[in-house]
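Participant: To be precise about what I am sending: the file is called query17.csv and holds CSV, C-alpha atoms.
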chain,number,residue,atom,x,y,z
A,1,MET,CA,-60.7,-45.1,-77.6
A,2,ASP,CA,-60.5,-42.1,-79.9
A,3,VAL,CA,-56.9,-41.8,-81.3
A,4,ASN,CA,-57.1,-38.0,-81.1
A,5,LYS,CA,-57.9,-38.2,-77.4
A,6,GLU,CA,-55.3,-40.9,-76.8
A,7,LEU,CA,-52.6,-38.7,-78.4
A,8,TYR,CA,-53.8,-35.7,-76.5
A,9,ASP,CA,-53.7,-37.6,-73.2
A,10,THR,CA,-50.3,-39.1,-73.9
A,11,TYR,CA,-48.9,-35.7,-74.9
A,12,SER,CA,-50.4,-34.1,-71.8
A,13,GLU,CA,-48.7,-36.6,-69.6
A,14,LEU,CA,-45.4,-35.8,-71.3
A,15,MET,CA,-45.9,-32.1,-70.6
A,16,LYS,CA,-46.7,-32.9,-67.0
A,17,ILE,CA,-43.3,-34.7,-66.8
A,18,LYS,CA,-41.7,-31.6,-68.3
A,19,GLY,CA,-43.5,-29.4,-65.7
A,20,GLU,CA,-42.2,-31.6,-62.9
A,21,CYS,CA,-38.7,-31.4,-64.2
A,22,SER,CA,-39.0,-27.6,-64.5
A,23,CYS,CA,-40.3,-27.3,-60.9
A,24,LYS,CA,-37.4,-29.3,-59.6
A,25,LEU,CA,-35.0,-27.0,-61.3
A,26,VAL,CA,-36.8,-23.9,-60.1
A,27,ASP,CA,-36.5,-25.2,-56.5
A,28,GLU,CA,-32.9,-26.3,-57.0
A,29,PHE,CA,-31.8,-22.9,-58.3
A,30,SER,CA,-34.1,-20.8,-56.0
A,31,MET,CA,-35.6,-19.2,-59.1
A,32,SER,CA,-38.8,-18.4,-57.4
A,33,GLU,CA,-36.9,-15.4,-55.9
A,34,LEU,CA,-36.6,-14.0,-59.4
A,35,THR,CA,-39.1,-12.4,-61.7
A,36,LEU,CA,-39.5,-13.5,-65.3
A,37,ARG,CA,-37.9,-10.3,-66.4
A,38,GLN,CA,-34.9,-10.8,-64.2
A,39,ILE,CA,-34.5,-14.3,-65.6
A,40,GLU,CA,-34.5,-12.8,-69.1
A,41,TYR,CA,-31.8,-10.4,-68.0
A,42,ILE,CA,-29.7,-13.3,-66.7
A,43,LYS,CA,-30.1,-14.9,-70.1
A,44,LYS,CA,-28.8,-11.7,-71.7
A,45,PHE,CA,-25.8,-11.8,-69.4
A,46,ASP,CA,-25.1,-15.3,-70.7
A,47,GLN,CA,-24.5,-13.9,-74.2
A,48,TYR,CA,-21.5,-11.9,-73.1
A,49,GLU,CA,-18.3,-13.1,-71.7
A,50,TYR,CA,-17.0,-9.7,-70.6
A,51,VAL,CA,-19.6,-7.1,-69.9
A,52,THR,CA,-19.6,-4.0,-67.7
A,53,THR,CA,-22.4,-2.3,-65.8
A,54,SER,CA,-22.5,0.5,-68.4
A,55,LYS,CA,-22.6,-2.0,-71.3
A,56,LEU,CA,-25.4,-3.9,-69.5
A,57,ALA,CA,-27.4,-0.7,-69.1
A,58,GLU,CA,-27.0,-0.1,-72.9
A,59,ILE,CA,-27.9,-3.7,-73.8
A,60,LEU,CA,-30.9,-3.9,-71.5
A,61,ASP,CA,-32.0,-0.3,-72.3
A,62,LEU,CA,-32.1,0.5,-68.6
A,63,SER,CA,-30.5,3.3,-66.5
A,64,LYS,CA,-27.1,2.6,-65.0
A,65,PRO,CA,-28.5,3.0,-61.4
A,66,SER,CA,-31.2,0.4,-62.2
A,67,VAL,CA,-28.6,-2.1,-63.5
A,68,THR,CA,-26.4,-1.4,-60.5
A,69,GLU,CA,-29.3,-2.3,-58.1
A,70,MET,CA,-30.1,-5.4,-60.2
A,71,ILE,CA,-26.5,-6.5,-60.1
A,72,LYS,CA,-26.5,-6.1,-56.3
A,73,LYS,CA,-29.5,-8.4,-56.0
A,74,PHE,CA,-28.0,-11.0,-58.4
A,75,ILE,CA,-24.8,-11.0,-56.4
A,76,LYS,CA,-26.8,-11.7,-53.2
A,77,LEU,CA,-28.6,-14.5,-55.0
A,78,ASP,CA,-25.3,-15.9,-56.1
A,79,CYS,CA,-26.2,-15.5,-59.8
A,80,ILE,CA,-23.3,-13.2,-60.8
A,81,TYR,CA,-20.0,-12.0,-59.6
A,82,LYS,CA,-17.9,-8.9,-60.4
A,83,GLN,CA,-14.3,-9.2,-61.4
A,84,LYS,CA,-11.8,-6.4,-61.6
A,85,CYS,CA,-10.3,-5.7,-65.1
A,86,HIS,CA,-6.5,-6.5,-65.1
A,87,GLU,CA,-5.7,-3.6,-67.5
A,88,ASP,CA,-7.9,-1.0,-65.8
A,89,GLY,CA,-8.5,-1.4,-62.0
A,90,ARG,CA,-11.5,1.0,-62.2
A,91,VAL,CA,-13.4,-1.3,-64.5
A,92,TYR,CA,-15.4,-4.4,-63.3
A,93,TYR,CA,-16.7,-7.1,-65.5
A,94,ILE,CA,-19.9,-9.0,-64.6
A,95,HIS,CA,-19.8,-12.8,-64.9
A,96,LEU,CA,-22.4,-15.4,-64.3
A,97,THR,CA,-21.8,-17.9,-61.5
A,98,ASP,CA,-22.5,-21.6,-62.2
A,99,LYS,CA,-26.0,-21.0,-60.7
A,100,GLY,CA,-26.5,-18.1,-63.0
A,101,LYS,CA,-25.4,-20.1,-66.0
A,102,CYS,CA,-27.9,-22.8,-65.0
A,103,ILE,CA,-30.7,-20.2,-64.7
A,104,ALA,CA,-29.8,-18.8,-68.1
A,105,ARG,CA,-29.9,-22.2,-69.7
A,106,PHE,CA,-33.0,-23.4,-67.8
A,107,GLU,CA,-35.0,-24.5,-70.8
A,108,ASP,CA,-32.1,-26.6,-72.1
A,109,LEU,CA,-31.6,-28.2,-68.7
A,110,THR,CA,-35.3,-29.0,-68.4
A,111,ILE,CA,-35.3,-30.7,-71.8
A,112,LYS,CA,-32.2,-32.7,-70.8
A,113,LYS,CA,-34.0,-33.9,-67.7
A,114,VAL,CA,-37.1,-35.0,-69.8
A,115,VAL,CA,-34.8,-36.8,-72.2
A,116,SER,CA,-33.1,-38.5,-69.3
A,117,ARG,CA,-36.5,-39.7,-68.0
A,118,ILE,CA,-37.3,-41.0,-71.5
A,119,MET,CA,-33.9,-42.8,-71.7
A,120,GLU,CA,-34.6,-44.5,-68.4
A,121,SER,CA,-38.1,-45.7,-69.5
A,122,LEU,CA,-37.4,-47.0,-73.0
A,123,ASP,CA,-35.1,-49.6,-74.5
A,124,GLU,CA,-32.8,-48.7,-77.5
A,125,ASP,CA,-35.3,-49.8,-80.2
A,126,GLU,CA,-38.1,-47.8,-78.6
A,127,ILE,CA,-35.9,-44.7,-78.4
A,128,ASN,CA,-35.0,-45.1,-82.1
A,129,THR,CA,-38.6,-45.5,-83.0
A,130,LEU,CA,-39.5,-42.4,-80.9
A,131,ILE,CA,-36.8,-40.4,-82.6
A,132,THR,CA,-38.0,-41.5,-86.0
A,133,LEU,CA,-41.6,-40.5,-85.2
A,134,LEU,CA,-40.8,-37.2,-83.6
A,135,SER,CA,-38.6,-36.3,-86.5
A,136,LYS,CA,-41.6,-36.5,-88.8
A,137,VAL,CA,-43.3,-33.8,-86.7
A,138,LYS,CA,-40.6,-31.1,-87.4
Translate the structure described by the file into structure tokens.
Facilitator:
Amino acid sequence: MDVNKELYDTYSELMKIKGECSCKLVDEFSMSELTLRQIEYIKKFDQYEYVTTSKLAEILDLSKPSVTEMIKKFIKLDCIYKQKCHEDGRVYYIHLTDKGKCIARFEDLTIKKVVSRIMESLDEDEINTLITLLSKVK
């Protein structure tokens, strides 16, 4: 068999496994209810520990009413929650829920699932060989 085709086929199979892992996470976190843009917004939320609606509107370059509607949707989907500021009761901070954090870190979780599958399939020597080989591709 042609080495190029064999490498292609092997890599394709690995990407299929990655796709399967991604699909499981999409189902687990009900991500199909979100658009790609909304997922990107959740990733942005993850970069800030304490953020207000006004600050989010500024960060995302959206109007405050648009951000308010988005926040309502994300609260319904259990992706974020609002917390009143202790110093100023008029101010609310937006925080990601555990589900929201998982969505924000989706790619990393997918890779961890693929690595777990690899760890289950290979012995220690094979894993070390794979690490050595993949390190050469960087």
Participant: I need the residue nearest Phe106 in chain A from this list: A:Glu28, A:Glu58, A:Asp78, A:Glu49. Use all atoms listed in the file for the distance.
Facilitator: A:Glu28
Participant: Between CA of Ile71 in chain A and CA of Tyr92 in chain A, what is the distance, to one decimal in Å?
Facilitator: 11.7 Å
Participant: Might you pull out every residue within 8 Å of range 51-56 of chain A, with all atoms listed in the file counted and same-chain residues fewer than 3 positions away left off, and present them as number ranges by chain?
Facilitator: A: 45, 48, 59-60, 64, 67-68, 91-95
Participant: Dump C-alpha atoms for the selected residues as a JSON list (two decimals), in the frame of the given file?
Facilitator:
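Writing done, so here's selection-v4.json:
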[["chain", "number", "residue", "atom", "x", "y", "z"],
["A", 45, "PHE", "CA", -25.80, -11.80, -69.40],
["A", 48, "TYR", "CA", -21.50, -11.90, -73.10],
["A", 59, "ILE", "CA", -27.90, -3.70, -73.80],
["A", 60, "LEU", "CA", -30.90, -3.90, -71.50],
["A", 64, "LYS", "CA", -27.10, 2.60, -65.00],
["A", 67, "VAL", "CA", -28.60, -2.10, -63.50],
["A", 68, "THR", "CA", -26.40, -1.40, -60.50],
["A", 91, "VAL", "CA", -13.40, -1.30, -64.50],
["A", 92, "TYR", "CA", -15.40, -4.40, -63.30],
["A", 93, "TYR", "CA", -16.70, -7.10, -65.50],
["A", 94, "ILE", "CA", -19.90, -9.00, -64.60],
["A", 95, "HIS", "CA", -19.80, -12.80, -64.90]]
Participant: In Å, with one decimal, what is the gap from CA of Cys23 in chain A to CA of Val114 in chain A?
Facilitator: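 Value for the CA of Cys23 in chain A-CA of Val114 in chain A distance: 12.2 Å.
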Participant: Can you work out the spacing between CA of Leu7 in chain A and CA of Asp108 in chain A in Å, to one decimal?
Facilitator: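 Here the two named atoms are 24.6 Å from each other.
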Participant: Taking all atoms listed in the file into account, which of A:Glu124, A:Thr97, A:Ile103, A:Asp9 comes nearest Gln83 in chain A?
Facilitator: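 Once distances to Gln83 in chain A are computed over all atoms listed in the file, the minimum belongs to A:Thr97.
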Participant: Could you name the residues that touch Ile111 in chain A at 8 Å or less, counting all atoms listed in the file, but leaving out those on the same chain fewer than 4 positions away, as a list in words?
Facilitator: Lys18, Glu107 and Val115 of chain A
Participant: For those residues, write C-alpha atoms to a file as a PDB file, in the coordinates of the input.
Facilitator:
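Output contents, as saved in result.pdb:
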ATOM      1  CA  LYS A  18     -41.700 -31.600 -68.300  1.00  0.00           C
ATOM      2  CA  GLU A 107     -35.000 -24.500 -70.800  1.00  0.00           C
ATOM      3  CA  VAL A 115     -34.800 -36.800 -72.200  1.00  0.00           C
TER       4      VAL A 115
END
Participant: Could you list, as number ranges by chain, every residue within 12 Å of Met31 in chain A, counting all atoms listed in the file and ignoring same-chain residues fewer than 4 positions away?
Facilitator: A: 22-27, 35-40, 42, 74, 77-79, 99-100, 102-104, 106
Participant: Generate a file of the selected residues that holds C-alpha atoms, formatted as an mmCIF file, keeping the file's coordinate frame.
Facilitator:
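Wrote selection.cif, looks like this:
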data_model
loop_
_atom_site.group_PDB
_atom_site.id
_atom_site.type_symbol
_atom_site.label_atom_id
_atom_site.label_comp_id
_atom_site.auth_asym_id
_atom_site.auth_seq_id
_atom_site.Cartn_x
_atom_site.Cartn_y
_atom_site.Cartn_z
ATOM 1 C CA SER A 22 -39.000 -27.600 -64.500
ATOM 2 C CA CYS A 23 -40.300 -27.300 -60.900
ATOM 3 C CA LYS A 24 -37.400 -29.300 -59.600
ATOM 4 C CA LEU A 25 -35.000 -27.000 -61.300
ATOM 5 C CA VAL A 26 -36.800 -23.900 -60.100
ATOM 6 C CA ASP A 27 -36.500 -25.200 -56.500
ATOM 7 C CA THR A 35 -39.100 -12.400 -61.700
ATOM 8 C CA LEU A 36 -39.500 -13.500 -65.300
ATOM 9 C CA ARG A 37 -37.900 -10.300 -66.400
ATOM 10 C CA GLN A 38 -34.900 -10.800 -64.200
ATOM 11 C CA ILE A 39 -34.500 -14.300 -65.600
ATOM 12 C CA GLU A 40 -34.500 -12.800 -69.100
ATOM 13 C CA ILE A 42 -29.700 -13.300 -66.700
ATOM 14 C CA PHE A 74 -28.000 -11.000 -58.400
ATOM 15 C CA LEU A 77 -28.600 -14.500 -55.000
ATOM 16 C CA ASP A 78 -25.300 -15.900 -56.100
ATOM 17 C CA CYS A 79 -26.200 -15.500 -59.800
ATOM 18 C CA LYS A 99 -26.000 -21.000 -60.700
ATOM 19 C CA GLY A 100 -26.500 -18.100 -63.000
ATOM 20 C CA CYS A 102 -27.900 -22.800 -65.000
ATOM 21 C CA ILE A 103 -30.700 -20.200 -64.700
ATOM 22 C CA ALA A 104 -29.800 -18.800 -68.100
ATOM 23 C CA PHE A 106 -33.000 -23.400 -67.800
#
